[in-house]
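K.L.:
The structure under discussion is supplied below as structure tokens; questions concerning it will follow.
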Amino acid sequence: MSDNDLDASPAALLHPVVNSPPEYTELRQGVFVSDLHLFSSRSDGDRCLETLERYQEECQCIVLGGDVFDLRWSRLDGLTPTIGAAVDWIETLLERTGRSRILYLAGNHDCHPDFAAAMSSLASRYERLGWFEHALQIGDALFVHGDILHAGIHMDGLSSYRQKHHDKDAPHPLLHQFYDLAVGLRLHKAVARMSNSPKATCQRLQTLVKQLDTCVEAPVQRVFFGHTHVSIEGLELDNQAFFNPGALLKHTRHQPIEFELPPRH
């Protein structure tokens with residue numbers, strides 16, 4: 001099975017998997033973005049393609065850290081059209097970014113099995129595209145979406161947590177209106193900050209990361225994550241640094257995080 005294939009075995013469904021593909025050893029720099037929530041009315045990500053367009057070098061990568069698309073709160077006409085539009089967006093990103101690798105991690109808003117199947121198929125057609133269900137490690141850098149923070153005290157709860165998201169019915173139009181009102185009042189920003197203190201969030205995430213089967217040859221020194229919608233710029237805990245770009249939502253701060261990777265032998 002290739003790195004881009006989804007492992008549907010019972011063990012994989014219970015235990016999040018860290019991919020550390022050997023072909024990524026040539027990567028030297030990249031950028032991490034997450035939580036664009038494209039196709040939802042709260043997203044402010046219309047110009048994100050233009051932002052990412054400048055990453056076009058052979059040894060660069062663009063890591064999409066989950067919730068790039070909001071499949072549940074999409075304003076498009078249902079799940080199937082939203083998945084089709086998402087695939088088109090990824091193909092456009094591939095066209096505009098030259099030789100860079102595009103590495104996509106699923107989040108809780110874009111983990112639906114139908115979308116996973118579409119992304120797995122797309123990754124089999126494009127060598128530059130990688131699709132990862134749970135986590136990705138490149139050198140000393142670990143990339144996760146971050147919803148493990150809300151999946152219980154053990155990593156085993158992640159699949160169950162995500163299952164609840166993609167099993168929900170599409171929101172009623174009135175809920176969209178209430179959501180738009182909350183965003184207009186900036187309540188989403190206040191809730192994110194009150195419930196996701198940077199230091200407490202990183203301490204909890206550090207504990208959960210220890211449960212992952214990460215690469216022994218390159219111990220994790222940097223953790224890049226999203227999900228909380230609160231930006232973090234290199235908060236250090238016990239020789240590990242934590243980064244979060246925030247969210248590309250209306251009235252919310254989002255800053256793509258550029259990083260460098262040391263040479264690997």
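Naming works like this for the structure tokens: A, B, ... for the chains as they're shown, residue 1 at the start of each chain, ligands 1 onward in shown order.
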Considering only C-alpha atoms, return as a PyMOL selection string whatever protein or nucleic-acid residues lie within 8 Å of A:Pro245, sequence-local ones (same chain, fewer than 4 positions apart) excluded.

P.N.:
chain A and resi 32-34+225-226+229-233+254-257

K.L.:
Next, write the just-selected residues to a file, as a PDB file, in the first residue's frame, keeping C-alpha atoms as the atom set.

P.N.:
```
ATOM      1  CA  PHE A  32       1.596  25.474   7.030  1.00  0.00           C
ATOM      2  CA  VAL A  33      -1.991  26.687   6.785  1.00  0.00           C
ATOM      3  CA  SER A  34      -5.200  25.287   8.210  1.00  0.00           C
ATOM      4  CA  PHE A 225      -1.521  22.212  14.385  1.00  0.00           C
ATOM      5  CA  GLY A 226      -4.800  24.006  13.747  1.00  0.00           C
ATOM      6  CA  HIS A 229      -8.580  28.953  15.653  1.00  0.00           C
ATOM      7  CA  VAL A 230      -6.107  30.660  18.009  1.00  0.00           C
ATOM      8  CA  SER A 231      -2.738  31.602  16.516  1.00  0.00           C
ATOM      9  CA  ILE A 232       0.442  30.466  18.313  1.00  0.00           C
ATOM     10  CA  GLU A 233       3.909  31.472  17.198  1.00  0.00           C
ATOM     11  CA  HIS A 254      -4.680  33.911  10.329  1.00  0.00           C
ATOM     12  CA  GLN A 255      -0.975  33.876   9.584  1.00  0.00           C
ATOM     13  CA  PRO A 256       0.569  31.181   7.340  1.00  0.00           C
ATOM     14  CA  ILE A 257       3.543  29.680   9.158  1.00  0.00           C
TER      15      ILE A 257
END
```

K.L.:
Might you pull out every residue within 8 Å of A:Phe39, with only C-alpha atoms counted and same-chain residues fewer than 6 positions away left off, and present them as a PyMOL selection string?

P.N.:
chain A and resi 69-71+73-76+82

K.L.:
Can you write just those residues out, N, CA and C atoms, as a short mmCIF file (atom, residue, chain, number, x, y, z; two decimals), in the first residue's frame?

P.N.:
```
data_model
loop_
_atom_site.label_atom_id
_atom_site.label_comp_id
_atom_site.auth_asym_id
_atom_site.auth_seq_id
_atom_site.Cartn_x
_atom_site.Cartn_y
_atom_site.Cartn_z
N PHE A 69 -11.69 22.75 3.85
CA PHE A 69 -13.07 22.88 3.37
C PHE A 69 -14.02 22.55 4.50
N ASP A 70 -15.15 23.21 4.51
CA ASP A 70 -16.15 22.93 5.54
C ASP A 70 -17.30 22.18 4.88
N LEU A 71 -17.20 20.86 4.91
CA LEU A 71 -18.17 20.04 4.19
C LEU A 71 -19.56 20.11 4.81
N TRP A 73 -20.88 22.76 6.79
CA TRP A 73 -21.48 24.09 6.76
C TRP A 73 -21.35 24.74 5.39
N SER A 74 -21.15 23.93 4.38
CA SER A 74 -21.02 24.46 3.02
C SER A 74 -22.30 25.14 2.56
N ARG A 75 -22.13 26.24 1.84
CA ARG A 75 -23.26 26.94 1.25
C ARG A 75 -23.61 26.39 -0.14
N LEU A 76 -22.85 25.42 -0.60
CA LEU A 76 -23.15 24.79 -1.88
C LEU A 76 -24.30 23.80 -1.69
N THR A 82 -20.08 19.93 -3.04
CA THR A 82 -19.01 20.52 -2.25
C THR A 82 -17.72 19.74 -2.44
#
```

K.L.:
Quick one: of A:Asp147, A:Glu217, A:Asp35, A:Asp238, who's nearest to A:Asp67, counting only C-alpha atoms?

P.N.:
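Going through A:Asp147, A:Glu217, A:Asp35, A:Asp238 one by one, the smallest distance to A:Asp67 is for A:Asp35.
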
K.L.:
For the strand (DSSP E) assignment from backbone DSSP, which residues of stretch 59-253 of chain A qualify? Please present them as a short mmCIF file (atom, residue, chain, number, x, y, z; two decimals) with N, CA and C atoms, in the first residue's frame.

P.N.:
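Result saved to result_17.cif:
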```
data_model
loop_
_atom_site.label_atom_id
_atom_site.label_comp_id
_atom_site.auth_asym_id
_atom_site.auth_seq_id
_atom_site.Cartn_x
_atom_site.Cartn_y
_atom_site.Cartn_z
N GLN A 60 10.08 22.78 -1.86
CA GLN A 60 9.11 23.37 -0.94
C GLN A 60 7.88 22.48 -0.82
N CYS A 61 7.14 22.71 0.26
CA CYS A 61 5.87 22.01 0.42
C CYS A 61 4.85 22.95 1.04
N ILE A 62 3.62 22.71 0.72
CA ILE A 62 2.49 23.41 1.33
C ILE A 62 1.72 22.37 2.12
N VAL A 63 1.71 22.53 3.42
CA VAL A 63 0.98 21.59 4.28
C VAL A 63 -0.37 22.20 4.61
N LEU A 64 -1.43 21.54 4.18
CA LEU A 64 -2.80 21.95 4.47
C LEU A 64 -3.25 21.16 5.70
N ARG A 101 5.29 20.39 -3.38
CA ARG A 101 4.41 19.30 -2.94
C ARG A 101 3.25 19.90 -2.14
N ILE A 102 2.07 19.32 -2.32
CA ILE A 102 0.89 19.71 -1.55
C ILE A 102 0.55 18.54 -0.63
N LEU A 103 0.65 18.76 0.66
CA LEU A 103 0.44 17.69 1.64
C LEU A 103 -0.79 18.03 2.47
N TYR A 104 -1.80 17.19 2.38
CA TYR A 104 -3.11 17.49 2.96
C TYR A 104 -3.39 16.55 4.13
N LEU A 105 -3.64 17.15 5.31
CA LEU A 105 -4.06 16.41 6.49
C LEU A 105 -5.56 16.63 6.70
N LEU A 129 0.97 15.40 -4.78
CA LEU A 129 -0.08 15.52 -3.77
C LEU A 129 -0.02 14.35 -2.79
N GLY A 130 -0.03 14.67 -1.51
CA GLY A 130 -0.09 13.65 -0.47
C GLY A 130 -1.34 13.84 0.38
N TRP A 131 -2.02 12.75 0.68
CA TRP A 131 -3.24 12.80 1.50
C TRP A 131 -3.01 11.96 2.74
N PHE A 132 -3.23 12.55 3.92
CA PHE A 132 -2.94 11.87 5.18
C PHE A 132 -4.13 12.02 6.12
N ALA A 135 -1.87 12.20 10.78
CA ALA A 135 -0.68 12.98 11.15
C ALA A 135 0.42 12.72 10.14
N LEU A 136 1.35 13.68 10.07
CA LEU A 136 2.47 13.60 9.16
C LEU A 136 3.71 14.12 9.87
N GLN A 137 4.82 13.39 9.75
CA GLN A 137 6.08 13.85 10.30
C GLN A 137 7.10 14.00 9.17
N ILE A 138 7.76 15.15 9.14
CA ILE A 138 8.86 15.39 8.21
C ILE A 138 10.04 15.86 9.05
N ALA A 141 9.64 17.79 12.50
CA ALA A 141 8.38 18.53 12.50
C ALA A 141 7.19 17.58 12.40
N LEU A 142 6.27 17.71 13.33
CA LEU A 142 5.05 16.91 13.33
C LEU A 142 3.87 17.80 12.99
N PHE A 143 3.04 17.33 12.06
CA PHE A 143 1.87 18.08 11.63
C PHE A 143 0.61 17.28 11.98
N VAL A 144 -0.30 17.90 12.69
CA VAL A 144 -1.59 17.29 13.02
C VAL A 144 -2.66 18.36 12.87
N ARG A 222 9.15 20.20 16.83
CA ARG A 222 8.19 21.21 16.46
C ARG A 222 6.86 20.56 16.13
N VAL A 223 5.78 21.15 16.63
CA VAL A 223 4.44 20.63 16.39
C VAL A 223 3.61 21.74 15.75
N PHE A 224 3.06 21.45 14.56
CA PHE A 224 2.22 22.39 13.83
C PHE A 224 0.79 21.86 13.85
N ILE A 232 -0.66 30.69 17.37
CA ILE A 232 0.44 30.47 18.31
C ILE A 232 1.73 30.50 17.51
N GLU A 233 2.68 31.29 17.96
CA GLU A 233 3.91 31.47 17.20
C GLU A 233 5.11 30.98 18.00
N GLY A 234 5.31 29.68 18.02
CA GLY A 234 6.52 29.12 18.61
C GLY A 234 6.52 29.07 20.12
N LEU A 235 5.39 28.73 20.74
CA LEU A 235 5.36 28.56 22.18
C LEU A 235 6.18 27.34 22.56
N GLU A 236 7.13 27.49 23.48
CA GLU A 236 8.06 26.42 23.82
C GLU A 236 7.70 25.73 25.13
N LEU A 237 7.69 24.39 25.09
CA LEU A 237 7.42 23.56 26.25
C LEU A 237 8.35 22.37 26.22
N GLN A 240 10.15 21.51 23.02
CA GLN A 240 9.30 21.42 21.84
C GLN A 240 8.65 22.78 21.60
N ALA A 241 8.52 23.17 20.33
CA ALA A 241 7.89 24.43 19.97
C ALA A 241 6.57 24.15 19.25
N PHE A 242 5.56 24.93 19.57
CA PHE A 242 4.22 24.71 19.03
C PHE A 242 3.78 25.92 18.19
N PHE A 243 3.15 25.60 17.05
CA PHE A 243 2.74 26.64 16.09
C PHE A 243 1.31 26.39 15.64
N ASN A 244 0.54 27.47 15.54
CA ASN A 244 -0.83 27.38 15.04
C ASN A 244 -1.10 28.64 14.21
#
```

K.L.:
Kindly indicate which residue among A:Val18, A:Asp114, A:Glu26, A:Thr92 lies nearest to A:Cys48, using only C-alpha atoms for the distances.

P.N.:
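Among the listed residues, the smallest separation from A:Cys48 belongs to A:Thr92.
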
K.L.:
Pick from A:Gln206, A:Gln56, A:Thr201, A:Ser40: nearest to A:Arg99, with only C-alpha atoms counted?

P.N.:
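Result for the nearest residue to A:Arg99: A:Gln56.
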
K.L.:
Work out how far apart atom CA of A:Val209 and atom CA of A:Glu260 are and give it in Å to one decimal.

P.N.:
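For atom CA of A:Val209 relative to atom CA of A:Glu260, the distance reads 21.1 Å.
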
K.L.:
Nearest residue to A:Ser100 out of A:Arg28, A:Lys250, A:His165, A:His134, using only C-alpha atoms?

P.N.:
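Among the listed residues, A:Arg28 lies closest to A:Ser100.
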
K.L.:
For a quick check of understanding, using only C-alpha atoms, which of A:Leu158, A:Trp89, A:Arg128, A:His166 has the smallest distance to A:Pro113?

P.N.:
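Checking each of A:Leu158, A:Trp89, A:Arg128, A:His166 against A:Pro113, counting only C-alpha atoms, the winner is A:His166.
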
K.L.:
Report the distance between atom CA of A:Asp44 and atom CA of A:Arg253 in Å, rounded to one decimal place.

P.N.:
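Interatomic distance, atom CA of A:Asp44 to atom CA of A:Arg253: 10.4 Å.
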
K.L.:
Given only C-alpha atoms as the basis, pick out the residue of A:Pro22, A:Pro81, A:Gly30, A:Gly152 nearest to A:Leu205.

P.N.:
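Result for the nearest residue to A:Leu205: A:Gly152.
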
K.L.:
Pull the alpha helix (DSSP H) assignments for stretch 44-242 of chain A out of DSSP run on the backbone, and list those residues as a ChimeraX atom specification.

P.N.:
/A:48-52,79-96,113-125,158-166,173-184,187-195,198-209

K.L.:
Quick one: everything within 8 Å of A:Asp140, counting only C-alpha atoms, minus sequence neighbours fewer than 4 positions away in the same chain. Send it as a PDB file with C-alpha atoms, in the first residue's frame.

P.N.:
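Printed below is out-v8.pdb as written:
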```
ATOM      1  CA  ALA A 218      14.143  12.329  14.346  1.00  0.00           C
ATOM      2  CA  PRO A 219      12.471  13.155  17.687  1.00  0.00           C
ATOM      3  CA  VAL A 220       9.665  15.685  17.415  1.00  0.00           C
ATOM      4  CA  GLN A 221      10.877  19.189  18.234  1.00  0.00           C
ATOM      5  CA  ARG A 222       8.190  21.215  16.460  1.00  0.00           C
ATOM      6  CA  LEU A 261      13.632  21.620   7.449  1.00  0.00           C
TER       7      LEU A 261
END
```

K.L.:
Applying 12 Å and only C-alpha atoms, which residues near A:His150 remain after dropping the ones on its own chain fewer than 6 positions away? List them as a short mmCIF file (atom, residue, chain, number, x, y, z; two decimals) with C-alpha atoms, in the first residue's frame.

P.N.:
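Wrote out15.cif, looks like this:
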```cif
data_model
loop_
_atom_site.label_atom_id
_atom_site.label_comp_id
_atom_site.auth_asym_id
_atom_site.auth_seq_id
_atom_site.Cartn_x
_atom_site.Cartn_y
_atom_site.Cartn_z
CA GLY A 107 -9.55 17.68 9.90
CA ASN A 108 -12.88 17.12 11.59
CA ASP A 156 -8.05 6.14 20.24
CA GLY A 157 -11.01 8.53 20.49
CA LEU A 158 -10.13 10.50 17.35
CA SER A 159 -11.94 8.28 14.87
CA SER A 160 -15.06 8.22 17.04
CA TYR A 161 -14.97 12.00 17.38
CA ARG A 162 -14.69 12.46 13.64
CA SER A 195 -11.79 27.79 25.47
CA ASN A 196 -8.31 27.41 23.95
CA THR A 201 -3.72 23.78 24.73
CA ARG A 204 -2.51 18.94 26.50
CA LEU A 205 -1.43 18.42 22.92
CA LEU A 208 -1.42 13.39 23.41
CA HIS A 227 -8.37 23.37 14.90
CA THR A 228 -8.47 25.81 17.85
#
```

K.L.:
Find the residues around A:Gly45 up to 9 Å (only C-alpha atoms counted), leave out those fewer than 4 positions away in its own chain, and share them as a PyMOL selection string.

P.N.:
chain A and resi 36-39+49+248-250

K.L.:
Would you put the residues from that selection into a file with C-alpha atoms, as a tab-separated table (two decimals), in the first residue's frame?

P.N.:
```tsv
chain	number	residue	atom	x	y	z
A	36	LEU	CA	-9.74	27.92	5.88
A	37	HIS	CA	-13.30	26.53	6.10
A	38	LEU	CA	-13.82	27.22	2.41
A	39	PHE	CA	-17.40	27.15	1.07
A	49	LEU	CA	-4.89	30.63	-3.56
A	248	LEU	CA	-9.03	32.19	7.94
A	249	LEU	CA	-12.44	33.26	9.18
A	250	LYS	CA	-14.07	36.66	9.21
```
